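Have a look at data38.pdb; it's PDB, C-alpha atoms:
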```
ATOM      1  CA  MET A   1      88.912 113.683  87.964
ATOM      2  CA  ILE A   2      89.187 109.881  88.051
ATOM      3  CA  LEU A   3      87.520 107.931  90.859
ATOM      4  CA  TYR A   4      88.269 104.263  91.560
ATOM      5  CA  ILE A   5      86.696 102.106  94.219
ATOM      6  CA  GLY A   6      88.674  98.910  94.637
ATOM      7  CA  LYS A   7      88.340  95.936  96.950
ATOM      8  CA  ARG A   8      91.252  94.180  98.599
ATOM      9  CA  VAL A   9      92.396  91.063  96.758
ATOM     10  CA  HIS A  10      94.818  88.258  97.561
ATOM     11  CA  ARG A  11      97.622  88.093  95.021
ATOM     12  CA  SER A  12     101.388  87.965  95.111
ATOM     13  CA  VAL A  13     103.480  91.108  95.337
ATOM     14  CA  GLY A  14     105.921  91.551  92.461
ATOM     15  CA  ASP A  15     109.097  93.559  92.286
ATOM     16  CA  GLY A  16     108.676  97.286  91.789
ATOM     17  CA  PRO A  17     109.846  99.110  88.658
ATOM     18  CA  THR A  18     113.394 100.348  88.239
ATOM     19  CA  ALA A  19     114.101 104.086  88.153
ATOM     20  CA  GLU A  20     113.717 104.185  84.362
ATOM     21  CA  GLU A  21     110.747 101.843  83.958
ATOM     22  CA  CYS A  22     107.236 103.189  83.570
ATOM     23  CA  GLU A  23     105.310 102.731  86.833
ATOM     24  CA  SER A  24     102.250 101.628  84.890
ATOM     25  CA  CYS A  25     103.409  99.351  82.054
ATOM     26  CA  GLY A  26     107.150  98.867  82.618
ATOM     27  CA  SER A  27     108.144 100.420  79.290
ATOM     28  CA  LEU A  28     111.552 102.083  78.951
ATOM     29  CA  ASP A  29     110.444 104.283  76.048
ATOM     30  CA  HIS A  30     109.577 107.866  77.031
ATOM     31  CA  ASP A  31     109.263 111.246  75.322
ATOM     32  CA  LEU A  32     110.304 114.542  76.884
ATOM     33  CA  ILE A  33     107.096 116.580  76.495
ATOM     34  CA  GLY A  34     108.177 119.769  78.290
ATOM     35  CA  THR A  35     109.134 121.309  81.598
ATOM     36  CA  LYS A  36     107.229 122.845  84.489
ATOM     37  CA  ARG A  37     108.945 125.083  87.042
ATOM     38  CA  GLY A  38     112.244 123.720  85.762
ATOM     39  CA  TRP A  39     111.280 120.048  86.159
ATOM     40  CA  HIS A  40     111.326 117.679  83.147
ATOM     41  CA  LEU A  41     108.079 115.930  82.189
ATOM     42  CA  ARG A  42     108.409 112.611  80.396
ATOM     43  CA  GLN A  43     105.517 110.661  78.893
ATOM     44  CA  CYS A  44     105.488 106.901  78.394
ATOM     45  CA  LYS A  45     105.013 106.093  74.705
ATOM     46  CA  SER A  46     103.124 102.928  75.585
ATOM     47  CA  CYS A  47     100.510 103.889  78.202
ATOM     48  CA  GLY A  48     100.748 107.692  78.304
ATOM     49  CA  LEU A  49     101.754 108.040  81.964
ATOM     50  CA  VAL A  50     103.482 111.397  82.551
ATOM     51  CA  ALA A  51     106.181 111.524  85.221
ATOM     52  CA  VAL A  52     108.660 114.038  86.585
ATOM     53  CA  LYS A  53     112.072 112.581  85.729
ATOM     54  CA  PRO A  54     114.379 112.749  87.519
ATOM     55  CA  LEU A  55     112.278 112.827  90.681
ATOM     56  CA  PRO A  56     112.985 115.415  93.411
ATOM     57  CA  ASP A  57     114.958 114.145  96.381
ATOM     58  CA  GLU A  58     113.379 113.786  99.826
ATOM     59  CA  ASP A  59     114.790 117.087 101.120
ATOM     60  CA  ALA A  60     113.284 118.992  98.203
ATOM     61  CA  LEU A  61     109.880 117.387  98.751
ATOM     62  CA  ARG A  62     109.909 118.157 102.470
ATOM     63  CA  ARG A  63     110.670 121.809 101.745
ATOM     64  CA  ILE A  64     107.813 122.336  99.299
ATOM     65  CA  TYR A  65     105.201 120.718 101.571
ATOM     66  CA  GLN A  66     105.508 123.322 104.318
ATOM     67  CA  MET A  67     103.185 126.200 105.106
ATOM     68  CA  SER A  68     106.247 128.450 105.218
ATOM     69  CA  ALA A  69     106.644 127.637 101.515
ATOM     70  CA  GLY A  70     103.022 128.590 100.871
ATOM     71  CA  TYR A  71     101.546 125.078 100.929
ATOM     72  CA  TYR A  72      98.073 125.043 102.536
ATOM     73  CA  VAL A  73      98.861 128.417 104.058
ATOM     74  CA  THR A  74      95.182 129.450 103.847
ATOM     75  CA  ALA A  75      93.889 126.285 105.558
ATOM     76  CA  SER A  76      91.323 126.890 108.289
ATOM     77  CA  ARG A  77      92.433 126.121 111.835
ATOM     78  CA  ASP A  78      88.820 125.765 113.002
ATOM     79  CA  LEU A  79      87.663 122.466 111.531
ATOM     80  CA  SER A  80      84.123 122.985 112.794
ATOM     81  CA  ALA A  81      83.896 125.922 110.380
ATOM     82  CA  THR A  82      84.904 123.814 107.351
ATOM     83  CA  SER A  83      82.415 122.321 104.909
ATOM     84  CA  PRO A  84      81.176 118.787 105.668
ATOM     85  CA  ASP A  85      80.247 118.167 102.015
ATOM     86  CA  ALA A  86      83.234 115.936 101.152
ATOM     87  CA  ALA A  87      82.596 113.794 104.236
ATOM     88  CA  ILE A  88      78.904 113.497 103.400
ATOM     89  CA  ASP A  89      79.739 112.418  99.852
ATOM     90  CA  LEU A  90      82.293 109.816 100.990
ATOM     91  CA  HIS A  91      79.975 108.487 103.713
ATOM     92  CA  ARG A  92      77.185 108.037 101.175
ATOM     93  CA  LEU A  93      79.542 106.486  98.624
ATOM     94  CA  LEU A  94      80.779 103.864 101.067
ATOM     95  CA  LYS A  95      77.291 103.197 102.367
ATOM     96  CA  GLY A  96      76.102 102.740  98.795
ATOM     97  CA  ILE A  97      78.592  99.912  98.168
ATOM     98  CA  GLY A  98      77.768  98.157 101.426
ATOM     99  CA  ILE A  99      80.524  99.487 103.681
ATOM    100  CA  LYS A 100      78.965 100.266 107.038
ATOM    101  CA  VAL A 101      80.460 102.765 109.467
ATOM    102  CA  GLY A 102      83.770 101.373 110.697
ATOM    103  CA  LYS A 103      87.495 102.186 110.635
ATOM    104  CA  LEU A 104      88.773 104.583 107.971
ATOM    105  CA  PHE A 105      92.282 105.822 107.218
ATOM    106  CA  ASP A 106      92.716 109.055 105.236
ATOM    107  CA  VAL A 107      96.081 109.197 103.435
ATOM    108  CA  GLY A 108      97.177 112.803 102.909
ATOM    109  CA  CYS A 109      94.535 114.103 105.299
ATOM    110  CA  SER A 110      95.953 117.658 105.475
ATOM    111  CA  THR A 111      94.336 119.451 108.445
ATOM    112  CA  GLY A 112      91.910 116.572 108.943
ATOM    113  CA  ALA A 113      88.723 118.349 107.857
ATOM    114  CA  LEU A 114      87.389 115.253 106.080
ATOM    115  CA  ILE A 115      87.894 112.850 108.969
ATOM    116  CA  PHE A 116      86.753 115.512 111.460
ATOM    117  CA  HIS A 117      83.320 115.447 109.828
ATOM    118  CA  LEU A 118      83.355 111.690 109.197
ATOM    119  CA  ARG A 119      83.864 111.210 112.921
ATOM    120  CA  ARG A 120      80.522 112.926 113.432
ATOM    121  CA  PHE A 121      78.894 110.170 111.358
ATOM    122  CA  GLY A 122      80.363 107.547 113.691
ATOM    123  CA  TRP A 123      83.506 106.587 111.768
ATOM    124  CA  ASP A 124      86.593 105.558 113.730
ATOM    125  CA  VAL A 125      89.143 107.675 111.879
ATOM    126  CA  MET A 126      92.898 108.063 111.493
ATOM    127  CA  GLY A 127      95.074 109.901 109.004
ATOM    128  CA  CYS A 128      98.558 110.956 107.949
ATOM    129  CA  ASP A 129     100.110 113.915 106.175
ATOM    130  CA  VAL A 130     103.621 115.118 105.333
ATOM    131  CA  ASN A 131     102.819 118.728 106.285
ATOM    132  CA  ALA A 132     103.740 119.202 109.958
ATOM    133  CA  ASP A 133     101.680 122.406 110.299
ATOM    134  CA  ALA A 134      98.572 120.715 108.890
ATOM    135  CA  VAL A 135      99.063 117.753 111.229
ATOM    136  CA  ALA A 136      99.285 120.131 114.201
ATOM    137  CA  ILE A 137      95.898 121.611 113.250
ATOM    138  CA  ALA A 138      94.382 118.130 112.979
ATOM    139  CA  ARG A 139      95.758 117.072 116.339
ATOM    140  CA  SER A 140      94.483 120.259 117.987
ATOM    141  CA  SER A 141      90.996 119.025 117.094
ATOM    142  CA  GLY A 142      91.633 115.695 118.802
ATOM    143  CA  LEU A 143      92.276 113.706 115.620
ATOM    144  CA  ASP A 144      94.649 110.734 115.507
ATOM    145  CA  VAL A 145      96.981 111.835 112.709
ATOM    146  CA  TYR A 146     100.544 110.753 111.917
ATOM    147  CA  HIS A 147     103.147 113.163 110.596
ATOM    148  CA  GLY A 148     104.718 111.571 107.543
ATOM    149  CA  SER A 149     103.846 109.433 104.555
ATOM    150  CA  ILE A 150     101.876 106.200 104.590
ATOM    151  CA  ASP A 151     105.219 104.366 104.892
ATOM    152  CA  ASP A 152     105.822 106.080 108.253
ATOM    153  CA  VAL A 153     102.524 104.936 109.761
ATOM    154  CA  ASP A 154     102.878 102.408 112.566
ATOM    155  CA  CYS A 155      99.505 100.756 113.018
ATOM    156  CA  GLU A 156      97.913  97.341 112.870
ATOM    157  CA  GLN A 157      97.851  95.730 109.437
ATOM    158  CA  ARG A 158      94.614  94.537 107.811
ATOM    159  CA  HIS A 159      92.778  96.771 110.199
ATOM    160  CA  PHE A 160      90.724  99.253 108.179
ATOM    161  CA  ASP A 161      87.380  98.960 106.442
ATOM    162  CA  ALA A 162      88.256 101.802 104.087
ATOM    163  CA  VAL A 163      91.299 103.806 103.016
ATOM    164  CA  ASN A 164      90.717 107.146 101.330
ATOM    165  CA  MET A 165      93.290 108.738  99.010
ATOM    166  CA  SER A 166      91.975 111.980  97.549
ATOM    167  CA  ASP A 167      94.449 113.935  95.372
ATOM    168  CA  VAL A 168      97.380 112.062  96.890
ATOM    169  CA  LEU A 169      98.718 109.390  94.508
ATOM    170  CA  GLU A 170      99.947 112.014  92.051
ATOM    171  CA  HIS A 171     102.272 113.329  94.806
ATOM    172  CA  VAL A 172     104.085 110.097  95.760
ATOM    173  CA  LYS A 173     107.457 108.984  94.389
ATOM    174  CA  SER A 174     106.405 105.356  93.886
ATOM    175  CA  PRO A 175     102.668 104.784  93.323
ATOM    176  CA  GLY A 176     103.197 101.018  93.291
ATOM    177  CA  ARG A 177     104.892 100.869  96.700
ATOM    178  CA  THR A 178     102.301 103.250  98.138
ATOM    179  CA  LEU A 179      99.456 101.007  96.938
ATOM    180  CA  GLN A 180     101.202  97.972  98.421
ATOM    181  CA  ARG A 181     101.333  99.693 101.808
ATOM    182  CA  VAL A 182      97.687 100.752 101.566
ATOM    183  CA  HIS A 183      96.772  97.183 100.682
ATOM    184  CA  SER A 184      98.417  95.936 103.874
ATOM    185  CA  LEU A 185      96.208  98.201 105.982
ATOM    186  CA  LEU A 186      92.887  96.975 104.586
ATOM    187  CA  ASN A 187      90.955  94.140 106.168
ATOM    188  CA  GLU A 188      89.557  91.187 104.220
ATOM    189  CA  ARG A 189      86.624  93.240 102.880
ATOM    190  CA  GLY A 190      88.421  96.577 102.867
ATOM    191  CA  VAL A 191      87.931  99.183 100.153
ATOM    192  CA  LEU A 192      90.269 101.792  98.684
ATOM    193  CA  VAL A 193      88.699 105.038  97.455
ATOM    194  CA  LEU A 194      91.117 106.779  95.124
ATOM    195  CA  ARG A 195      90.658 110.189  93.481
ATOM    196  CA  ILE A 196      93.225 111.684  91.113
ATOM    197  CA  PRO A 197      93.320 114.414  88.460
ATOM    198  CA  ASN A 198      92.587 113.098  84.966
ATOM    199  CA  ALA A 199      95.405 113.743  82.501
ATOM    200  CA  GLY A 200      93.316 112.105  79.807
ATOM    201  CA  CYS A 201      90.490 114.639  79.912
ATOM    202  CA  GLY A 202      89.826 117.105  77.103
ATOM    203  CA  PHE A 203      91.448 120.026  78.908
ATOM    204  CA  ALA A 204      94.643 118.052  79.584
ATOM    205  CA  ARG A 205      94.935 116.746  76.028
ATOM    206  CA  SER A 206      94.240 120.098  74.377
ATOM    207  CA  THR A 207      96.621 122.059  76.616
ATOM    208  CA  LEU A 208      99.351 119.446  76.115
ATOM    209  CA  PHE A 209      98.938 119.850  72.347
ATOM    210  CA  LEU A 210      99.231 123.637  72.689
ATOM    211  CA  SER A 211     102.194 123.279  75.019
ATOM    212  CA  LYS A 212     104.107 121.257  72.440
ATOM    213  CA  ILE A 213     103.425 123.897  69.777
ATOM    214  CA  THR A 214     104.097 127.007  71.881
ATOM    215  CA  ARG A 215     106.742 125.448  74.166
ATOM    216  CA  LEU A 216     104.939 126.975  77.121
ATOM    217  CA  PRO A 217     104.482 124.900  80.320
ATOM    218  CA  TRP A 218     101.679 122.339  80.268
ATOM    219  CA  ALA A 219      98.723 123.804  82.162
ATOM    220  CA  GLN A 220      97.634 120.395  83.510
ATOM    221  CA  SER A 221     100.926 119.724  85.265
ATOM    222  CA  GLU A 222     101.545 120.787  88.861
ATOM    223  CA  ALA A 223     105.190 119.674  88.965
ATOM    224  CA  PRO A 224     107.011 119.296  91.265
ATOM    225  CA  TYR A 225     103.975 118.952  93.573
ATOM    226  CA  HIS A 226     102.483 116.391  91.195
ATOM    227  CA  LEU A 227     105.106 113.802  90.308
ATOM    228  CA  PHE A 228     102.743 111.831  88.065
ATOM    229  CA  GLU A 229      99.847 112.691  85.773
ATOM    230  CA  TYR A 230      97.508 109.746  85.216
ATOM    231  CA  SER A 231      95.075 108.900  82.463
ATOM    232  CA  HIS A 232      92.399 106.227  82.820
ATOM    233  CA  GLN A 233      94.670 103.741  81.041
ATOM    234  CA  SER A 234      97.803 104.435  83.077
ATOM    235  CA  ILE A 235      96.184 104.353  86.534
ATOM    236  CA  LYS A 236      94.344 101.152  85.674
ATOM    237  CA  GLY A 237      97.675  99.700  84.556
ATOM    238  CA  ILE A 238      99.304 100.522  87.897
ATOM    239  CA  LEU A 239      96.434  99.055  89.907
ATOM    240  CA  GLU A 240      96.396  95.850  87.879
ATOM    241  CA  LYS A 241     100.190  95.572  87.721
ATOM    242  CA  GLU A 242     100.558  95.875  91.465
ATOM    243  CA  ASN A 243      97.617  93.495  91.999
ATOM    244  CA  ARG A 244      96.531  95.647  94.873
ATOM    245  CA  VAL A 245      92.832  95.965  94.112
ATOM    246  CA  SER A 246      90.179  94.590  91.847
ATOM    247  CA  CYS A 247      88.942  97.695  90.024
ATOM    248  CA  GLY A 248      85.340  98.586  90.648
ATOM    249  CA  ASN A 249      83.460 101.757  89.786
ATOM    250  CA  ASN A 250      85.251 104.502  87.933
ATOM    251  CA  SER A 251      84.253 107.851  86.510
ATOM    252  CA  ILE A 252      86.015 110.482  84.452
TER     253      ILE A 252
END
```

Written as structure tokens, that's how I'd like the structure from this file.
Amino acid sequence: MILYIGKRVHRSVGDGPTAEECESCGSLDHDLIGTKRGWHLRQCKSCGLVAVKPLPDEDALRRIYQMSAGYYVTASRDLSATSPDAAIDLHRLLKGIGIKVGKLFDVGCSTGALIFHLRRFGWDVMGCDVNADAVAIARSSGLDVYHGSIDDVDCEQRHFDAVNMSDVLEHVKSPGRTLQRVHSLLNERGVLVLRIPNAGCGFARSTLFLSKITRLPWAQSEAPYHLFEYSHQSIKGILEKENRVSCGNNSI
């Protein structure tokens, strides 16, 4: 797992990558490293970013993120019965870097369990998720949650003290555009907390090596649910390329 805590910065927004360019470094040089569930995985020769290419279309993505397709089908409908541990950890993390209780947006909030418990600590919370069934559960608990991606959210810009993205950025079709939108929601001192699986860890590297030898699917990949697999180098490249945050703490 990679964790980044980044503060909002003021820099110009550049053009996004083309369909063939690496999202992290812009390289056009990729290797086909295998398939997962019929989807091709290509790895950038320069920075190591792994991407599903070609990407699924919007209809395909909407279909797989439904409870009828098995996605989050076991999620609890009673948020009071869910564990508060993740909320406690995030609350302490933000407090530790000087972010007092304020406004927080949770991108990919699922059923809203995290922000349900954060609300108990005094946070003013909002969220969004592409899973309509999960959003319905969140709303049934009185949470302010949008149905859709971060691009669909209609709320005041430069408004939030913190944006949380936990296991989300690997699911989006354009990490750069998503980070630009997140950036627009943060206030002058706003902080992005980003958690993603680490494709540069020992397990990922060793199973990729075995996958190339055996031609079996790469165990690290969750394609087509995960459209990108990031290493420390590739996620840092995206953050710096998009000029969305100044990178702070990170752990692997």

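Evaluated against this file, the PyMOL selection byres ((chain A and resi 144) around 9) yields Val125, Met126, Gly127, Cys128, Ala138, Arg139, Gly142, Leu143, Val145 and Tyr146 of chain A.
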
Distance of CA of Val52 in chain A from CA of Arg37 in chain A, expressed in Å to one decimal place: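 Separation of CA of Arg37 in chain A and CA of Val52 in chain A: 11.1 Å.
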
Determine the residue set returned by the PyMOL selection byres ((chain A and resi 79-93) around 10) for the present structure, and present it as a PDB file with C-alpha atoms, in the frame of the given file.
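Contents of out12.pdb, freshly written:
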```pdb
ATOM      1  CA  ILE A   5      86.696 102.106  94.219  1.00  0.00           C
ATOM      2  CA  ALA A  75      93.889 126.285 105.558  1.00  0.00           C
ATOM      3  CA  SER A  76      91.323 126.890 108.289  1.00  0.00           C
ATOM      4  CA  ARG A  77      92.433 126.121 111.835  1.00  0.00           C
ATOM      5  CA  ASP A  78      88.820 125.765 113.002  1.00  0.00           C
ATOM      6  CA  LEU A  94      80.779 103.864 101.067  1.00  0.00           C
ATOM      7  CA  LYS A  95      77.291 103.197 102.367  1.00  0.00           C
ATOM      8  CA  GLY A  96      76.102 102.740  98.795  1.00  0.00           C
ATOM      9  CA  ILE A  97      78.592  99.912  98.168  1.00  0.00           C
ATOM     10  CA  GLY A  98      77.768  98.157 101.426  1.00  0.00           C
ATOM     11  CA  ILE A  99      80.524  99.487 103.681  1.00  0.00           C
ATOM     12  CA  LYS A 100      78.965 100.266 107.038  1.00  0.00           C
ATOM     13  CA  VAL A 101      80.460 102.765 109.467  1.00  0.00           C
ATOM     14  CA  THR A 111      94.336 119.451 108.445  1.00  0.00           C
ATOM     15  CA  GLY A 112      91.910 116.572 108.943  1.00  0.00           C
ATOM     16  CA  ALA A 113      88.723 118.349 107.857  1.00  0.00           C
ATOM     17  CA  LEU A 114      87.389 115.253 106.080  1.00  0.00           C
ATOM     18  CA  ILE A 115      87.894 112.850 108.969  1.00  0.00           C
ATOM     19  CA  PHE A 116      86.753 115.512 111.460  1.00  0.00           C
ATOM     20  CA  HIS A 117      83.320 115.447 109.828  1.00  0.00           C
ATOM     21  CA  LEU A 118      83.355 111.690 109.197  1.00  0.00           C
ATOM     22  CA  ARG A 119      83.864 111.210 112.921  1.00  0.00           C
ATOM     23  CA  ARG A 120      80.522 112.926 113.432  1.00  0.00           C
ATOM     24  CA  PHE A 121      78.894 110.170 111.358  1.00  0.00           C
ATOM     25  CA  TRP A 123      83.506 106.587 111.768  1.00  0.00           C
ATOM     26  CA  ILE A 137      95.898 121.611 113.250  1.00  0.00           C
ATOM     27  CA  ALA A 138      94.382 118.130 112.979  1.00  0.00           C
ATOM     28  CA  SER A 140      94.483 120.259 117.987  1.00  0.00           C
ATOM     29  CA  SER A 141      90.996 119.025 117.094  1.00  0.00           C
ATOM     30  CA  ASN A 164      90.717 107.146 101.330  1.00  0.00           C
ATOM     31  CA  VAL A 193      88.699 105.038  97.455  1.00  0.00           C
TER      32      VAL A 193
END
```

Self-check item: Residues within 12 Å of Ala51 in chain A, only C-alpha atoms, excluding chain neighbours under 5 positions, as a PyMOL selection string
Solution: chain A and resi 19-24+30-36+39-45+56+170-175+199+221-231+234

Using CA of His159 in chain A and CA of Asp124 in chain A as the two end points, give the distance in Å to one decimal.
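If I compute the distance from CA of His159 in chain A to CA of Asp124 in chain A, I get 11.3 Å.
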
What separates CA of Ser110 in chain A and CA of Val135 in chain A is a distance of 6.5 Å

For Cys47 in chain A, the closest of A:Lys212, A:Arg158, A:His232, A:Arg205 counting only C-alpha atoms is A:His232

Item to complete: Using the chain letters and numbering of this document, enumerate as a PyMOL selection string the residues selected by the PyMOL selection byres ((chain A and resi 179) around 12).
Response: chain A and resi 6+8+13+16+23+107+150-151+163-165+168-169+172-178+180-186+192-194+235+238-245

Once N, CA and C atoms are restored for range 108-140 of chain A, what would the output be as a JSON list (two decimals), keeping the file's coordinate frame?
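File written: out_4.json
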```
[["chain", "number", "residue", "atom", "x", "y", "z"],
["A", 108, "GLY", "N", 97.08, 111.42, 103.36],
["A", 108, "GLY", "CA", 97.18, 112.80, 102.91],
["A", 108, "GLY", "C", 96.01, 113.61, 103.41],
["A", 109, "CYS", "N", 95.75, 113.52, 104.70],
["A", 109, "CYS", "CA", 94.54, 114.10, 105.30],
["A", 109, "CYS", "C", 94.61, 115.61, 105.49],
["A", 110, "SER", "N", 95.77, 116.21, 105.26],
["A", 110, "SER", "CA", 95.95, 117.66, 105.48],
["A", 110, "SER", "C", 95.58, 118.02, 106.91],
["A", 111, "THR", "N", 94.71, 119.01, 107.10],
["A", 111, "THR", "CA", 94.34, 119.45, 108.44],
["A", 111, "THR", "C", 93.32, 118.54, 109.10],
["A", 112, "GLY", "N", 92.84, 117.53, 108.36],
["A", 112, "GLY", "CA", 91.91, 116.57, 108.94],
["A", 112, "GLY", "C", 90.45, 116.94, 108.82],
["A", 113, "ALA", "N", 90.12, 117.91, 107.97],
["A", 113, "ALA", "CA", 88.72, 118.35, 107.86],
["A", 113, "ALA", "C", 87.80, 117.20, 107.46],
["A", 114, "LEU", "N", 88.23, 116.36, 106.52],
["A", 114, "LEU", "CA", 87.39, 115.25, 106.08],
["A", 114, "LEU", "C", 87.09, 114.29, 107.22],
["A", 115, "ILE", "N", 88.13, 113.84, 107.91],
["A", 115, "ILE", "CA", 87.89, 112.85, 108.97],
["A", 115, "ILE", "C", 87.26, 113.50, 110.20],
["A", 116, "PHE", "N", 87.44, 114.80, 110.38],
["A", 116, "PHE", "CA", 86.75, 115.51, 111.46],
["A", 116, "PHE", "C", 85.25, 115.35, 111.30],
["A", 117, "HIS", "N", 84.75, 115.56, 110.08],
["A", 117, "HIS", "CA", 83.32, 115.45, 109.83],
["A", 117, "HIS", "C", 82.87, 113.99, 109.73],
["A", 118, "LEU", "N", 83.72, 113.10, 109.22],
["A", 118, "LEU", "CA", 83.36, 111.69, 109.20],
["A", 118, "LEU", "C", 83.18, 111.15, 110.61],
["A", 119, "ARG", "N", 83.97, 111.64, 111.53],
["A", 119, "ARG", "CA", 83.86, 111.21, 112.92],
["A", 119, "ARG", "C", 82.47, 111.50, 113.48],
["A", 120, "ARG", "N", 81.87, 112.57, 112.99],
["A", 120, "ARG", "CA", 80.52, 112.93, 113.43],
["A", 120, "ARG", "C", 79.48, 111.93, 112.95],
["A", 121, "PHE", "N", 79.80, 111.20, 111.85],
["A", 121, "PHE", "CA", 78.89, 110.17, 111.36],
["A", 121, "PHE", "C", 79.13, 108.83, 112.05],
["A", 122, "GLY", "N", 80.09, 108.77, 112.95],
["A", 122, "GLY", "CA", 80.36, 107.55, 113.69],
["A", 122, "GLY", "C", 81.57, 106.77, 113.24],
["A", 123, "TRP", "N", 82.31, 107.28, 112.24],
["A", 123, "TRP", "CA", 83.51, 106.59, 111.77],
["A", 123, "TRP", "C", 84.63, 106.68, 112.79],
["A", 124, "ASP", "N", 85.36, 105.59, 112.93],
["A", 124, "ASP", "CA", 86.59, 105.56, 113.73],
["A", 124, "ASP", "C", 87.72, 105.93, 112.77],
["A", 125, "VAL", "N", 88.29, 107.12, 112.93],
["A", 125, "VAL", "CA", 89.14, 107.68, 111.88],
["A", 125, "VAL", "C", 90.59, 107.85, 112.32],
["A", 126, "MET", "N", 91.48, 107.75, 111.34],
["A", 126, "MET", "CA", 92.90, 108.06, 111.49],
["A", 126, "MET", "C", 93.35, 108.71, 110.19],
["A", 127, "GLY", "N", 94.55, 109.30, 110.22],
["A", 127, "GLY", "CA", 95.07, 109.90, 109.00],
["A", 127, "GLY", "C", 96.56, 110.12, 109.09],
["A", 128, "CYS", "N", 97.15, 110.58, 107.97],
["A", 128, "CYS", "CA", 98.56, 110.96, 107.95],
["A", 128, "CYS", "C", 98.75, 112.06, 106.93],
["A", 129, "ASP", "N", 99.77, 112.87, 107.13],
["A", 129, "ASP", "CA", 100.11, 113.92, 106.18],
["A", 129, "ASP", "C", 101.56, 114.31, 106.37],
["A", 130, "VAL", "N", 102.21, 114.75, 105.28],
["A", 130, "VAL", "CA", 103.62, 115.12, 105.33],
["A", 130, "VAL", "C", 103.82, 116.56, 105.80],
["A", 131, "ASN", "N", 102.73, 117.33, 105.88],
["A", 131, "ASN", "CA", 102.82, 118.73, 106.28],
["A", 131, "ASN", "C", 102.66, 118.83, 107.81],
["A", 132, "ALA", "N", 103.75, 119.17, 108.50],
["A", 132, "ALA", "CA", 103.74, 119.20, 109.96],
["A", 132, "ALA", "C", 102.74, 120.23, 110.50],
["A", 133, "ASP", "N", 102.61, 121.38, 109.83],
["A", 133, "ASP", "CA", 101.68, 122.41, 110.30],
["A", 133, "ASP", "C", 100.24, 121.94, 110.18],
["A", 134, "ALA", "N", 99.92, 121.25, 109.07],
["A", 134, "ALA", "CA", 98.57, 120.72, 108.89],
["A", 134, "ALA", "C", 98.27, 119.64, 109.93],
["A", 135, "VAL", "N", 99.24, 118.79, 110.22],
["A", 135, "VAL", "CA", 99.06, 117.75, 111.23],
["A", 135, "VAL", "C", 98.80, 118.37, 112.60],
["A", 136, "ALA", "N", 99.49, 119.46, 112.91],
["A", 136, "ALA", "CA", 99.28, 120.13, 114.20],
["A", 136, "ALA", "C", 97.85, 120.64, 114.33],
["A", 137, "ILE", "N", 97.29, 121.16, 113.23],
["A", 137, "ILE", "CA", 95.90, 121.61, 113.25],
["A", 137, "ILE", "C", 94.96, 120.43, 113.49],
["A", 138, "ALA", "N", 95.22, 119.32, 112.81],
["A", 138, "ALA", "CA", 94.38, 118.13, 112.98],
["A", 138, "ALA", "C", 94.43, 117.63, 114.41],
["A", 139, "ARG", "N", 95.62, 117.57, 114.98],
["A", 139, "ARG", "CA", 95.76, 117.07, 116.34],
["A", 139, "ARG", "C", 95.12, 118.01, 117.36],
["A", 140, "SER", "N", 95.12, 119.30, 117.06],
["A", 140, "SER", "CA", 94.48, 120.26, 117.99],
["A", 140, "SER", "C", 92.97, 120.05, 118.06]]
```
